[in-house]
Amino acid sequence: MSTKTAWSPEWVDDGIESTLAFLRERERLQLALFIGPVVLIMFIGLIVPVLYMVAISFLNGLPPGAEFTLANYQRLVESDVYLNIGIDTIVLTLQTTSLVVVLGYLLAYGIAMFAKRQKLLLLLVVLPFWTNYLVRNFALIAIFQTGGPFNQLLSNILFFLDNPSIGGDVLFTRTSVLMGLVYSFLPVAVLPMYASISRMDKSLISASKDLGAGPIKTFVFVTLPQTKDGVFVGTLLAAVPTFGAFVTPAMLGGPNDNMIGRLIELQYMQVYDVPFGSALGTVLSLFVIAVLSIGFLNDGIPIIDNE
Amino acid sequence: MSKVNPDKKGYAHGLQSHGGTVIRLLAGVLLVLMWLPMVTLIILSVSADGLLAFPPRSLTVDWYMEIFTDPQAHKAIGNTLRIGLVATPISISVATLAVIGVDRYSFRGKPWVLLLAIAKLLVPGIVGAIAVFQAAETIGISGYPVVVFVHVIATLPFSTLVMMETFSNFDESLEAAAMDLGANELRTFRTVTIPNMITGIIATSLLTFTFSFNEFIFTYFVRDSGSVTLPVYLWNNIVYGLDPSLNAISVIFLVVATSFLLLAVAISSVRKVAM
């Protein structure tokens with residue numbers, strides 16, 4: 001049954017109606033029209049380029065005319081420099097992620113359990129995340145510079161040491177890189193943890209206490225297991241971007257505070273060694289995929305299983 | 001084992017009151033620490049004593065004026081808008097189609113479609129960026145269209161997740177009613193589905209645009225000299241010479257994020273995903 005619409009001529013209506021009639025018979029085609037664009041875009045835009053990157057990592061130059069080689073990977077393994085950067089990256093990722101999860105959980109717990117104006121507080125947590133990543137890191141330069149607020153605050157509090165430069169030498173060290181990473185990824189990790197803490201059944205906490213468990217025991221055996229999904233997603237949201245970070249070490253680190261991400265950027269933007277950069281990118285991806293798969297095998301894919 | 005004490009404060013949640021005070025205090029300190037850098041930037045943006053002189057002795061709005069008169073900053077703002085205003089509707093449309101497909105049809109590989117839509121979250125930004133950069137280089141395309149394309153990819157996970165939330169609140173029986181009354185699918189979509197979800201779609205668009213407005217890593221690799229966006233301009237300024245207008249540009253990012261997020265939260269339920 002067709003309906004007249006006032007806004008289009010009859011032949012347009014007829015065209016639409018016959019197209020719809022054609023589609024009604026073909027459910028597979030309908031589905032293809034709906035999910036086709038996203039599948040196509042992500043394949044062309046991400047999957048194929050990443051596979052292409054993996055392929056280049058086994059070449060001695062750019063195609064066409066390049067030959068197969070393992071030299072890019074050999075260079076990675078044989079040089080202490082790259083090995084050290086790799087270890088530094090892993091250590092920084094572990095440090096950042098643990099700090100983000102502990103501090104983020106504290107923040108989420110405080111807001112979910114004790115705060116009266118939860119929406120406002122949550123907004124205050126999230127706003128830094130919605131503000132540009134570069135801006136957040138630049139703000140730390142402003143804070144940590146010699147003679148900046150951090151330096152002034154510390155030398156005023158610790159005035160008896162009579163050392164005006166105390167806290168003024170943090171910038172461009174590994175400490176400032178760690179602080180930058182934590183500051184960058186804390187807001188986004190709070191959200192899933194807040195969600196799972198506010199969802200959990202609070203009467204379980206009362207029950208545990210009624211049965212005689214202390215606060216620590218209750219937290220470890222009741223609250224934490226109930227909110228582990230949120231902790232897991234929070235961990236991922238901090239660990240994945242930290243592992244590939246290049247902006248923070250570039251802006252807040254000194255010459256010796258490199259991370260793999262920064263090393264990759266240099267291969268593309270300054271050294272122009274694309275195959276070696278691709279090899280670094282491949283190793284980085286494999287690492288992330290390995291960690292994610294372990295997590296997913298244990299817990300399923302959190303964002304999708306929420307349905 | 002400790003004894004149960006019903007007179008204790010905070011007994012309703014079974015939480016000890018002093019524990020609550022400590023957590024509240026620590027959370028408060030954390031929030032202040034999170035905002036300290038932002039507040040410092042705002043103060044510095046009106047400082048007349050140079051880029052990083054703290055605290056400022058005299059105030060000025062010159063740095064804000066400079067952004068609007070400097071041709072390079074001007075161009076960067078223009079590019080950012082030209083890219084975001086095209087990439088956002090594409091991203092929203094693709095995400096909406098995908099969400100409808102996943103919501104209304106049953107098919108094998110459904111989790112894989114969703115995984116694909118959010119794949120960008122699971123790949124470190126730098127890897128995705130260099131991969132797309134190299135692929136575009138090989139095909140021989142560059143500049144504006146590639147930048148728009150990477151902005152669609154970069155925003156898709158987010159727009160998909162938010163549209164999923166928007167759709168889950170939609171009452172499908174309204175569509176059935178419209179069809180029963182004789183409207184075809186297209187008309188039902190146009191006059192029932194869209195109007196019912198319009199606030200969700202607008203809110204998602206605002207946030208997706210903010211995402212695109214902030215996007216740096218992908219853009220940094222694939223842009224050419226003609227498609228420098230505001231974040232790339234900011235980066236160049238930070239790395240190759242600290243221009244005093246940096247603070248003012250930073251505050252612009254803060255203002256855009258704040259106003260768009262507040263607007264989006266005010267008009268719809270995207271809060272559940274966005275914050």
# chains A, B, ... in the order shown; residues from 1 in each chain; ligands from 1
>>> residues_around(residues="Thr188 of chain B", least_positions_apart="3", cutoff="7 Å", atoms="only C-alpha atoms", output="number ranges by chain")
B: 175, 178-179, 183-185, 191-193
>>> write_last_selection(atoms="C-alpha atoms", output="compact mmCIF listing (two decimals), in the first residue's frame")
# COMPACT_ATOMS: atom_id res chain seq x y z
CA GLU B 175 7.70 2.21 13.91
CA ALA B 178 3.52 3.92 11.56
CA MET B 179 3.83 0.98 9.17
CA ALA B 183 3.70 4.56 5.84
CA ASN B 184 6.48 2.82 3.95
CA GLU B 185 9.89 2.18 5.51
CA THR B 191 8.77 10.91 10.21
CA VAL B 192 8.97 8.56 13.20
CA THR B 193 12.46 7.13 13.77
>>> residues_around(residues="Lys120 of chain B", least_positions_apart="3", cutoff="9 Å", atoms="only C-alpha atoms", output="CSV table (one decimal) with N, CA and C atoms, in the first residue's frame")
chain,number,residue,atom,x,y,z
A,42,MET,N,36.3,0.4,7.6
A,42,MET,CA,37.3,-0.1,8.6
A,42,MET,C,38.3,-1.0,7.9
A,46,LEU,N,41.7,0.7,7.9
A,46,LEU,CA,42.5,0.3,9.1
A,46,LEU,C,43.1,-1.1,8.9
B,116,LEU,N,34.9,-4.6,14.7
B,116,LEU,CA,35.5,-3.8,13.6
B,116,LEU,C,35.3,-2.3,13.8
B,117,ALA,N,34.0,-2.0,14.2
B,117,ALA,CA,33.6,-0.6,14.4
B,117,ALA,C,34.5,0.1,15.5
B,123,VAL,N,43.9,-0.6,18.6
B,123,VAL,CA,45.2,-0.5,18.0
B,123,VAL,C,45.8,0.8,18.5
B,124,PRO,N,47.1,0.8,18.9
B,124,PRO,CA,47.7,2.0,19.4
B,124,PRO,C,47.6,3.1,18.3
B,125,GLY,N,47.3,4.3,18.7
B,125,GLY,CA,47.1,5.4,17.7
B,125,GLY,C,48.2,5.5,16.7
B,128,GLY,N,48.1,2.8,13.8
B,128,GLY,CA,47.0,3.1,12.9
B,128,GLY,C,47.4,4.2,12.0
B,153,ILE,N,37.4,7.4,10.5
B,153,ILE,CA,37.9,6.2,11.2
B,153,ILE,C,38.1,6.5,12.7
B,154,ALA,N,38.7,7.7,12.9
B,154,ALA,CA,39.1,8.0,14.3
B,154,ALA,C,37.8,8.2,15.2
B,155,THR,N,36.7,8.7,14.6
B,155,THR,CA,35.5,9.0,15.4
B,155,THR,C,34.5,7.9,15.4
B,156,LEU,N,34.7,6.9,14.4
B,156,LEU,CA,33.7,5.8,14.3
B,156,LEU,C,33.4,5.0,15.6
B,157,PRO,N,34.5,4.6,16.3
B,157,PRO,CA,34.2,3.8,17.5
B,157,PRO,C,33.3,4.6,18.5
>>> closest_residue(among="A:Pro275, A:Gly61, A:Pro149, A:Gly15", to="chain B", atoms="only C-alpha atoms")
A:Pro149
>>> residues_around(residues="segment 159-165 of chain A", least_positions_apart="5", cutoff="10 Å", atoms="only C-alpha atoms", output="PDB file with N, CA and C atoms, in the first residue's frame")
ATOM      1  N   THR A 146      60.739  25.302  35.549  1.00  0.00           N
ATOM      2  CA  THR A 146      61.472  25.956  36.620  1.00  0.00           C
ATOM      3  C   THR A 146      60.827  27.315  36.908  1.00  0.00           C
ATOM      4  N   GLY A 147      60.517  27.568  38.178  1.00  0.00           N
ATOM      5  CA  GLY A 147      59.846  28.811  38.528  1.00  0.00           C
ATOM      6  C   GLY A 147      58.342  28.727  38.355  1.00  0.00           C
ATOM      7  N   ASN A 151      57.223  24.124  41.265  1.00  0.00           N
ATOM      8  CA  ASN A 151      58.494  24.546  41.833  1.00  0.00           C
ATOM      9  C   ASN A 151      58.281  25.520  43.002  1.00  0.00           C
ATOM     10  N   GLN A 152      57.419  26.518  42.778  1.00  0.00           N
ATOM     11  CA  GLN A 152      57.175  27.534  43.801  1.00  0.00           C
ATOM     12  C   GLN A 152      56.522  26.933  45.043  1.00  0.00           C
ATOM     13  N   LEU A 153      55.524  26.069  44.792  1.00  0.00           N
ATOM     14  CA  LEU A 153      54.792  25.443  45.886  1.00  0.00           C
ATOM     15  C   LEU A 153      55.738  24.618  46.749  1.00  0.00           C
ATOM     16  N   LEU A 154      56.538  23.798  46.074  1.00  0.00           N
ATOM     17  CA  LEU A 154      57.420  22.886  46.799  1.00  0.00           C
ATOM     18  C   LEU A 154      58.478  23.649  47.583  1.00  0.00           C
TER      19      LEU A 154
END
>>> select_by_dssp(residues="segment 86-287 of chain A", states="alpha helix (DSSP H)", output="VMD selection string")
chain A and resid 86 to 114 118 to 130 133 to 144 149 to 157 174 to 199 203 to 210 215 to 218 224 to 226 228 to 243 247 to 252 260 to 266 274 to 287
>>> decode(residues="segment 61-182 of chain A", atoms="C-alpha atoms", output="mmCIF file, in the first residue's frame")
data_model
loop_
_atom_site.group_PDB
_atom_site.id
_atom_site.type_symbol
_atom_site.label_atom_id
_atom_site.label_comp_id
_atom_site.auth_asym_id
_atom_site.auth_seq_id
_atom_site.Cartn_x
_atom_site.Cartn_y
_atom_site.Cartn_z
ATOM 1 C CA GLY A 61 62.767 -0.738 0.985
ATOM 2 C CA LEU A 62 59.452 0.478 -0.311
ATOM 3 C CA PRO A 63 57.565 -1.531 -2.960
ATOM 4 C CA PRO A 64 57.824 -1.906 -5.878
ATOM 5 C CA GLY A 65 61.321 -3.280 -6.284
ATOM 6 C CA ALA A 66 62.013 -4.066 -2.651
ATOM 7 C CA GLU A 67 63.193 -7.481 -1.577
ATOM 8 C CA PHE A 68 62.326 -9.745 1.320
ATOM 9 C CA THR A 69 64.535 -9.384 4.375
ATOM 10 C CA LEU A 70 64.538 -9.984 8.098
ATOM 11 C CA ALA A 71 67.107 -7.247 8.664
ATOM 12 C CA ASN A 72 64.588 -4.854 10.228
ATOM 13 C CA TYR A 73 63.803 -7.318 12.967
ATOM 14 C CA GLN A 74 67.436 -8.348 13.380
ATOM 15 C CA ARG A 75 68.327 -4.720 13.984
ATOM 16 C CA LEU A 76 65.652 -4.579 16.672
ATOM 17 C CA VAL A 77 66.930 -7.595 18.532
ATOM 18 C CA GLU A 78 70.646 -6.980 18.138
ATOM 19 C CA SER A 79 70.805 -3.418 19.363
ATOM 20 C CA ASP A 80 70.758 -2.645 23.077
ATOM 21 C CA VAL A 81 69.325 0.792 22.337
ATOM 22 C CA TYR A 82 66.045 -0.568 21.001
ATOM 23 C CA LEU A 83 65.850 -3.277 23.629
ATOM 24 C CA ASN A 84 66.221 -0.661 26.360
ATOM 25 C CA ILE A 85 63.569 1.570 24.815
ATOM 26 C CA GLY A 86 61.288 -1.457 24.666
ATOM 27 C CA ILE A 87 61.881 -2.244 28.338
ATOM 28 C CA ASP A 88 61.416 1.424 29.290
ATOM 29 C CA THR A 89 58.114 1.459 27.421
ATOM 30 C CA ILE A 90 56.865 -1.663 29.186
ATOM 31 C CA VAL A 91 57.943 -0.366 32.602
ATOM 32 C CA LEU A 92 56.330 3.042 32.001
ATOM 33 C CA THR A 93 53.133 1.355 30.797
ATOM 34 C CA LEU A 94 52.977 -0.821 33.919
ATOM 35 C CA GLN A 95 53.647 2.153 36.193
ATOM 36 C CA THR A 96 51.145 4.381 34.423
ATOM 37 C CA THR A 97 48.429 1.741 34.312
ATOM 38 C CA SER A 98 48.752 0.812 37.980
ATOM 39 C CA LEU A 99 48.722 4.449 39.069
ATOM 40 C CA VAL A 100 45.769 5.240 36.802
ATOM 41 C CA VAL A 101 43.774 2.244 38.031
ATOM 42 C CA VAL A 102 44.459 2.882 41.737
ATOM 43 C CA LEU A 103 43.857 6.637 41.584
ATOM 44 C CA GLY A 104 40.959 6.233 39.172
ATOM 45 C CA TYR A 105 39.295 3.646 41.376
ATOM 46 C CA LEU A 106 39.680 5.904 44.384
ATOM 47 C CA LEU A 107 38.138 8.796 42.477
ATOM 48 C CA ALA A 108 35.313 6.652 41.080
ATOM 49 C CA TYR A 109 34.635 5.105 44.495
ATOM 50 C CA GLY A 110 34.599 8.485 46.202
ATOM 51 C CA ILE A 111 32.122 9.888 43.678
ATOM 52 C CA ALA A 112 29.882 6.813 43.461
ATOM 53 C CA MET A 113 29.680 6.119 47.209
ATOM 54 C CA PHE A 114 29.981 9.437 48.997
ATOM 55 C CA ALA A 115 29.322 12.372 46.690
ATOM 56 C CA LYS A 116 26.062 14.284 46.646
ATOM 57 C CA ARG A 117 26.509 16.040 43.316
ATOM 58 C CA GLN A 118 27.707 13.048 41.325
ATOM 59 C CA LYS A 119 26.882 14.433 37.870
ATOM 60 C CA LEU A 120 28.817 17.635 38.466
ATOM 61 C CA LEU A 121 31.843 15.796 39.830
ATOM 62 C CA LEU A 122 31.791 13.322 36.974
ATOM 63 C CA LEU A 123 31.661 16.221 34.551
ATOM 64 C CA LEU A 124 34.750 17.694 36.234
ATOM 65 C CA VAL A 125 36.540 14.360 35.821
ATOM 66 C CA VAL A 126 35.574 13.984 32.175
ATOM 67 C CA LEU A 127 36.178 17.518 30.938
ATOM 68 C CA PRO A 128 39.974 17.199 30.895
ATOM 69 C CA PHE A 129 39.493 14.090 28.717
ATOM 70 C CA TRP A 130 37.413 16.041 26.225
ATOM 71 C CA THR A 131 40.041 18.745 26.149
ATOM 72 C CA ASN A 132 42.788 18.155 23.624
ATOM 73 C CA TYR A 133 45.461 15.625 24.572
ATOM 74 C CA LEU A 134 48.227 18.024 23.538
ATOM 75 C CA VAL A 135 46.733 20.729 25.728
ATOM 76 C CA ARG A 136 46.747 18.449 28.771
ATOM 77 C CA ASN A 137 50.420 17.703 28.239
ATOM 78 C CA PHE A 138 51.282 21.309 27.518
ATOM 79 C CA ALA A 139 49.538 22.274 30.763
ATOM 80 C CA LEU A 140 52.004 20.074 32.627
ATOM 81 C CA ILE A 141 54.909 21.957 31.038
ATOM 82 C CA ALA A 142 53.393 25.119 32.468
ATOM 83 C CA ILE A 143 53.082 23.467 35.905
ATOM 84 C CA PHE A 144 56.485 21.805 36.093
ATOM 85 C CA GLN A 145 58.751 24.403 34.480
ATOM 86 C CA THR A 146 61.472 25.956 36.620
ATOM 87 C CA GLY A 147 59.846 28.811 38.528
ATOM 88 C CA GLY A 148 56.405 27.368 37.767
ATOM 89 C CA PRO A 149 53.631 26.600 40.257
ATOM 90 C CA PHE A 150 55.009 23.171 41.242
ATOM 91 C CA ASN A 151 58.494 24.546 41.833
ATOM 92 C CA GLN A 152 57.175 27.534 43.801
ATOM 93 C CA LEU A 153 54.792 25.443 45.886
ATOM 94 C CA LEU A 154 57.420 22.886 46.799
ATOM 95 C CA SER A 155 60.129 25.412 47.667
ATOM 96 C CA ASN A 156 57.604 27.321 49.821
ATOM 97 C CA ILE A 157 56.451 24.242 51.692
ATOM 98 C CA LEU A 158 59.997 22.970 52.133
ATOM 99 C CA PHE A 159 61.382 26.468 52.829
ATOM 100 C CA PHE A 160 63.604 25.131 55.640
ATOM 101 C CA LEU A 161 65.686 23.270 53.067
ATOM 102 C CA ASP A 162 66.530 26.667 51.606
ATOM 103 C CA ASN A 163 66.686 25.190 48.124
ATOM 104 C CA PRO A 164 64.750 27.402 45.678
ATOM 105 C CA SER A 165 65.244 24.985 42.783
ATOM 106 C CA ILE A 166 63.528 22.070 44.507
ATOM 107 C CA GLY A 167 60.881 20.603 42.221
ATOM 108 C CA GLY A 168 62.105 22.815 39.396
ATOM 109 C CA ASP A 169 64.050 20.075 37.666
ATOM 110 C CA VAL A 170 61.180 17.631 37.153
ATOM 111 C CA LEU A 171 60.417 18.720 33.604
ATOM 112 C CA PHE A 172 62.033 16.705 30.799
ATOM 113 C CA THR A 173 62.701 13.708 33.037
ATOM 114 C CA ARG A 174 61.133 10.297 33.229
ATOM 115 C CA THR A 175 59.096 11.455 36.234
ATOM 116 C CA SER A 176 57.389 14.156 34.198
ATOM 117 C CA VAL A 177 56.708 11.633 31.424
ATOM 118 C CA LEU A 178 55.042 9.315 33.958
ATOM 119 C CA MET A 179 53.011 12.178 35.397
ATOM 120 C CA GLY A 180 52.003 13.246 31.897
ATOM 121 C CA LEU A 181 50.837 9.737 31.001
ATOM 122 C CA VAL A 182 48.861 9.363 34.230
#
